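Here the structure comes first, spelled out in structure tokens, and everything after it is commentary.
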Amino acid sequence: MSALVEPIMTLKDFLAWENEQPDRHEFYLGEIFAMVGGRRAHGRVVVNLLSAFNQQLKGSPCQVFGESMKLQVADDTVFYPDLFVTCDRADLGTDIIFRSPTLVIEVLSPSTQGYDRSQKFALYRRVLSVQEYILIDPDTRRVEGFRRGTDGLWVLHDMSDSDVLEAASVGVIVALADVFDGTLAPS
């Protein structure tokens with residue numbers, strides 16, 4: 001990830017600027033980073049998950065949102081997660097920026113995998129509403145969930161060898177065959 005523009009901006013300036021842009025940008029510590037286009041497998045996994053989560057969350061107090069929605073995780077940080085679920089009343093009434101997700105899912109790509117696993121996860125852990133963070137690698141078909149325990153510690157739940165992805169924080173279960181439908185199996 002490399003900075004797109006200098007000098008450092010405020011969150012208010014970034015939001016005004018970003019709303020005028022044709023492309024998406026993430027904001028971290030006053031710097032702006034261009035979001036690059038994803039690959040087909042990435043897009044298929046996101047669409048599959050949005051469809052499954054939307055169906056299973058119908059009638060619940062929670063809603064799922066996709067990669068075009070802004071999520072503010074700190075005063076100086078705004079991301080576009082691939083998918084997140086919020087059950088927060090304020091979030092469900094916003095048009096522009098969300099602040100209280102329960103679940104965040106990132107679909108990994110070779111260029112962002114390290115960042116999603118380390119720095120981005122560290123930032124998501126600071127958001128008290130986040131109870132679960134799931135990483136999905138469409139290339140290897142690995143699915144790793146991290147859940148916040150009652151003690152505040154994060155526990156890994158590797159679902160890679162399971163038949164299902166379980167998002168326990170919002171009560172959603174999706175067959176891994178459905179998660180990866182339309183993608184090529186690793187050779």
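Within each chain, counting starts at residue 1; across the structure tokens, chains are named A, B, ... in the order shown, with ligands numbered 1 upward in that order.
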Need the shell around Asp163 of chain A: protein/DNA/RNA residues with any atom at most 8 Å away, counting only C-alpha atoms. Skip same-chain ones fewer than 3 positions apart. Format as a PyMOL selection string? chain A and resi 159+175-177
N, CA, C and O atoms of the current selection, written as a CSV table (one decimal), in the first residue's frame:
```
chain,number,residue,atom,x,y,z
A,159,MET,N,-11.4,-22.7,10.2
A,159,MET,CA,-12.5,-23.4,9.6
A,159,MET,C,-12.1,-24.0,8.2
A,159,MET,O,-13.0,-24.5,7.5
A,175,ALA,N,-22.1,-22.9,4.0
A,175,ALA,CA,-21.3,-24.0,3.5
A,175,ALA,C,-20.1,-23.5,2.8
A,175,ALA,O,-20.2,-22.5,2.0
A,176,LEU,N,-18.9,-24.0,3.0
A,176,LEU,CA,-17.7,-23.6,2.3
A,176,LEU,C,-17.9,-23.7,0.8
A,176,LEU,O,-17.3,-22.9,0.0
A,177,ALA,N,-18.6,-24.8,0.4
A,177,ALA,CA,-18.8,-25.0,-1.1
A,177,ALA,C,-19.6,-23.8,-1.6
A,177,ALA,O,-19.3,-23.3,-2.8
```
Could you make a table, as a Markdown table, of the residues of segment 160-179 of chain A that have an atom within 9 Å of an atom of segment 129-144 of chain A, each with its nearest atom pair and distance in Å to one decimal, counting only C-alpha atoms, in chain and number order?
```
| residue | atom | partner | partner_atom | distance |
| --- | --- | --- | --- | --- |
| A:Ser160 | CA | A:Arg142 | CA | 4.6 |
| A:Asp161 | CA | A:Arg142 | CA | 8.0 |
| A:Leu165 | CA | A:Val143 | CA | 7.2 |
| A:Ala167 | CA | A:Glu132 | CA | 7.5 |
| A:Ala168 | CA | A:Glu132 | CA | 8.0 |
| A:Ser169 | CA | A:Gln131 | CA | 6.2 |
| A:Leu176 | CA | A:Arg141 | CA | 8.5 |
```
7 Å contact set for Glu67 of chain A, only C-alpha atoms, chain neighbours under 6 positions out, as a count of residues only: 4
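Every protein, DNA or RNA residue with an atom at most 8 Å from Val170 of chain A, where only C-alpha atoms count and chain neighbours fewer than 3 positions away do not, is listed here: A:Cys62, A:Val85, A:Thr102, A:Leu103, A:Ala167.
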As a VMD selection string, please: the residues near segment 125-127 of chain A (cut-off 8 Å, only C-alpha atoms, same-chain neighbours under 4 positions excluded). chain A and resid 73 to 74 100 121
Using only C-alpha atoms, please write the residues we just selected to a file, as a compact mmCIF listing (two decimals), in the first residue's frame.
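So result.txt came out as:
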```
# COMPACT_ATOMS: atom_id res chain seq x y z
CA VAL A 73 -12.31 2.33 12.97
CA ALA A 74 -10.51 5.29 14.60
CA SER A 100 -19.93 -0.18 15.12
CA PHE A 121 -6.51 -6.71 12.30
```
Neighbour list for Gln56 of chain A as a PyMOL selection string, cut-off 9 Å, only C-alpha atoms, skip fewer than 5 positions in-chain: chain A and resi 51+171-173
Keeping only N, CA, C and O atoms, write the selected residues to a file as a CSV table (one decimal), in the first residue's frame.
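Generated file (again-v2.csv):
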```
chain,number,residue,atom,x,y,z
A,51,SER,N,-24.8,-12.6,-0.4
A,51,SER,CA,-26.0,-13.2,-0.7
A,51,SER,C,-26.4,-14.1,0.5
A,51,SER,O,-27.6,-14.0,1.0
A,171,GLY,N,-24.6,-15.4,14.2
A,171,GLY,CA,-25.5,-16.6,14.0
A,171,GLY,C,-25.6,-17.0,12.5
A,171,GLY,O,-26.7,-17.5,12.2
A,172,VAL,N,-24.6,-16.8,11.7
A,172,VAL,CA,-24.7,-17.2,10.3
A,172,VAL,C,-23.7,-18.3,10.0
A,172,VAL,O,-22.6,-18.3,10.5
A,173,ILE,N,-24.2,-19.3,9.3
A,173,ILE,CA,-23.4,-20.5,8.9
A,173,ILE,C,-23.6,-20.6,7.4
A,173,ILE,O,-24.7,-20.6,6.9
```
Please provide as an MDAnalysis selection string all residues within 8 Å of Arg99 of chain A, with the sequence filter that same-chain residues fewer than 3 positions apart are discarded (counting only C-alpha atoms). chainID A and resid 71:73 91
Within segment 50-166 of chain A, find each residue whose DSSP state, derived from the backbone, is alpha helix (DSSP H), and express the selection as a list in words. Leu50, Ser51, Ala52, Phe53, Asn54, Gln55, Gln56, Leu57, Arg89, Ala90, Asp91, Leu92, Gln113, Gly114, Tyr115, Asp116, Arg117, Gln119, Lys120, Phe121, Ala122, Leu123, Tyr124 and Arg125 of chain A
Give me a file of those residues, with N, CA, C and O atoms, as a compact mmCIF listing (two decimals), in the first residue's frame.
```txt
# COMPACT_ATOMS: atom_id res chain seq x y z
N LEU A 50 -22.21 -12.07 0.56
CA LEU A 50 -23.27 -11.07 0.71
C LEU A 50 -24.64 -11.71 0.55
O LEU A 50 -25.57 -11.43 1.32
N SER A 51 -24.77 -12.57 -0.44
CA SER A 51 -26.04 -13.24 -0.70
C SER A 51 -26.45 -14.11 0.49
O SER A 51 -27.58 -14.04 0.98
N ALA A 52 -25.52 -14.94 0.97
CA ALA A 52 -25.82 -15.85 2.08
C ALA A 52 -26.12 -15.10 3.37
O ALA A 52 -27.08 -15.42 4.08
N PHE A 53 -25.31 -14.09 3.68
CA PHE A 53 -25.53 -13.33 4.91
C PHE A 53 -26.84 -12.55 4.84
O PHE A 53 -27.59 -12.50 5.81
N ASN A 54 -27.10 -11.93 3.70
CA ASN A 54 -28.34 -11.17 3.55
C ASN A 54 -29.55 -12.07 3.79
O ASN A 54 -30.49 -11.70 4.50
N GLN A 55 -29.53 -13.25 3.20
CA GLN A 55 -30.65 -14.19 3.35
C GLN A 55 -30.82 -14.62 4.81
O GLN A 55 -31.93 -14.62 5.33
N GLN A 56 -29.72 -14.96 5.47
CA GLN A 56 -29.81 -15.47 6.83
C GLN A 56 -30.10 -14.38 7.87
O GLN A 56 -30.62 -14.68 8.95
N LEU A 57 -29.76 -13.14 7.57
CA LEU A 57 -29.99 -12.06 8.53
C LEU A 57 -31.35 -11.39 8.37
O LEU A 57 -31.70 -10.53 9.18
N ARG A 89 -27.95 0.50 16.05
CA ARG A 89 -29.03 1.37 15.55
C ARG A 89 -28.48 2.59 14.81
O ARG A 89 -29.03 2.99 13.78
N ALA A 90 -27.43 3.20 15.34
CA ALA A 90 -26.86 4.38 14.68
C ALA A 90 -26.30 4.00 13.31
O ALA A 90 -26.49 4.71 12.33
N ASP A 91 -25.61 2.86 13.25
CA ASP A 91 -25.09 2.39 11.96
C ASP A 91 -26.21 2.13 10.97
O ASP A 91 -26.10 2.45 9.79
N LEU A 92 -27.29 1.53 11.44
CA LEU A 92 -28.39 1.18 10.54
C LEU A 92 -29.15 2.40 10.05
O LEU A 92 -29.93 2.31 9.12
N GLN A 113 -2.64 -9.46 1.82
CA GLN A 113 -2.74 -10.48 2.84
C GLN A 113 -1.98 -10.13 4.12
O GLN A 113 -2.52 -10.23 5.22
N GLY A 114 -0.75 -9.71 4.00
CA GLY A 114 0.06 -9.37 5.17
C GLY A 114 -0.55 -8.23 5.97
O GLY A 114 -0.62 -8.27 7.20
N TYR A 115 -1.01 -7.21 5.27
CA TYR A 115 -1.62 -6.04 5.91
C TYR A 115 -2.93 -6.42 6.61
O TYR A 115 -3.18 -6.01 7.74
N ASP A 116 -3.77 -7.23 5.93
CA ASP A 116 -5.05 -7.64 6.51
C ASP A 116 -4.85 -8.48 7.77
O ASP A 116 -5.64 -8.40 8.71
N ARG A 117 -3.81 -9.30 7.78
CA ARG A 117 -3.54 -10.18 8.92
C ARG A 117 -2.90 -9.45 10.10
O ARG A 117 -3.04 -9.90 11.24
N GLN A 119 -1.59 -5.34 10.60
CA GLN A 119 -1.95 -3.98 10.98
C GLN A 119 -3.46 -3.73 10.94
O GLN A 119 -4.03 -3.14 11.86
N LYS A 120 -4.12 -4.20 9.90
CA LYS A 120 -5.57 -3.98 9.79
C LYS A 120 -6.30 -4.72 10.93
O LYS A 120 -7.20 -4.17 11.55
N PHE A 121 -5.90 -5.96 11.21
CA PHE A 121 -6.51 -6.71 12.30
C PHE A 121 -6.27 -6.00 13.64
O PHE A 121 -7.17 -5.92 14.48
N ALA A 122 -5.08 -5.48 13.84
CA ALA A 122 -4.79 -4.75 15.08
C ALA A 122 -5.72 -3.55 15.24
O ALA A 122 -6.19 -3.26 16.34
N LEU A 123 -6.00 -2.87 14.15
CA LEU A 123 -6.91 -1.71 14.21
C LEU A 123 -8.36 -2.15 14.46
O LEU A 123 -9.07 -1.53 15.24
N TYR A 124 -8.79 -3.22 13.81
CA TYR A 124 -10.15 -3.72 14.05
C TYR A 124 -10.33 -4.17 15.49
O TYR A 124 -11.41 -4.02 16.07
N ARG A 125 -9.30 -4.75 16.09
CA ARG A 125 -9.40 -5.22 17.48
C ARG A 125 -9.67 -4.08 18.46
O ARG A 125 -10.21 -4.30 19.54
```
Once DSSP has gone over the backbone, tell me which residues of chain A are in strand (DSSP E), as a ChimeraX atom specification. /A:25-28,31-34,63-66,70-74,77-79,83-86,97-98,101-107,132-137,142-148,154-158,164-167,172-175
Once you have the residues from the selection above, write them out as a short mmCIF file (atom, residue, chain, number, x, y, z; two decimals), in the first residue's frame, restricted to C-alpha atoms.
```cif
data_model
loop_
_atom_site.label_atom_id
_atom_site.label_comp_id
_atom_site.auth_asym_id
_atom_site.auth_seq_id
_atom_site.Cartn_x
_atom_site.Cartn_y
_atom_site.Cartn_z
CA HIS A 25 -9.61 5.19 -1.05
CA GLU A 26 -8.79 4.10 2.48
CA PHE A 27 -7.61 6.63 5.06
CA TYR A 28 -4.99 5.86 7.71
CA GLU A 31 -2.76 9.49 4.49
CA ILE A 32 -4.87 8.30 1.57
CA PHE A 33 -4.43 4.94 -0.13
CA ALA A 34 -6.03 3.98 -3.44
CA GLN A 63 -27.63 -6.04 8.32
CA VAL A 64 -24.74 -6.97 6.05
CA PHE A 65 -22.85 -4.43 3.95
CA GLY A 66 -20.27 -4.82 1.21
CA LYS A 70 -16.98 3.16 4.63
CA LEU A 71 -16.13 1.86 8.10
CA GLN A 72 -14.47 4.28 10.53
CA VAL A 73 -12.31 2.33 12.97
CA ALA A 74 -10.51 5.29 14.60
CA THR A 77 -8.79 5.63 9.99
CA VAL A 78 -11.46 4.67 7.45
CA PHE A 79 -11.53 1.30 5.67
CA LEU A 83 -18.03 -7.38 4.10
CA PHE A 84 -19.25 -6.39 7.55
CA VAL A 85 -22.33 -6.89 9.68
CA THR A 86 -23.67 -4.29 12.07
CA ILE A 97 -19.98 6.10 7.45
CA PHE A 98 -20.38 3.12 9.79
CA PRO A 101 -19.64 -3.46 13.22
CA THR A 102 -20.06 -6.76 15.03
CA LEU A 103 -18.34 -8.82 12.32
CA VAL A 104 -15.74 -7.88 9.70
CA ILE A 105 -14.70 -10.17 6.85
CA GLU A 106 -11.73 -9.57 4.56
CA VAL A 107 -11.17 -11.65 1.44
CA GLU A 132 -15.32 -11.46 15.10
CA TYR A 133 -12.85 -11.02 12.25
CA ILE A 134 -12.80 -13.59 9.44
CA LEU A 135 -10.11 -13.91 6.78
CA ILE A 136 -10.83 -15.85 3.60
CA ASP A 137 -8.17 -16.82 1.08
CA ARG A 142 -8.44 -21.19 3.91
CA VAL A 143 -10.98 -19.63 6.28
CA GLU A 144 -9.74 -18.32 9.61
CA GLY A 145 -11.99 -16.68 12.15
CA PHE A 146 -10.86 -14.73 15.17
CA ARG A 147 -13.42 -14.31 17.94
CA ARG A 148 -13.20 -12.02 20.94
CA TRP A 154 -8.96 -13.19 20.59
CA VAL A 155 -9.17 -16.90 19.77
CA LEU A 156 -8.43 -18.41 16.35
CA HIS A 157 -11.10 -20.68 14.86
CA ASP A 158 -9.61 -22.29 11.75
CA VAL A 164 -18.85 -24.55 6.89
CA LEU A 165 -17.92 -20.97 7.66
CA GLU A 166 -19.48 -20.10 11.01
CA ALA A 167 -19.89 -16.43 11.90
CA VAL A 172 -24.69 -17.18 10.29
CA ILE A 173 -23.43 -20.47 8.87
CA VAL A 174 -22.45 -20.83 5.20
CA ALA A 175 -21.26 -24.01 3.52
#
```
Report, in Å to a single decimal, how far apart atom CA of Leu153 of chain A and atom CA of Ser109 of chain A are.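 For atom CA of Ser109 of chain A relative to atom CA of Leu153 of chain A, the distance reads 26.5 Å.
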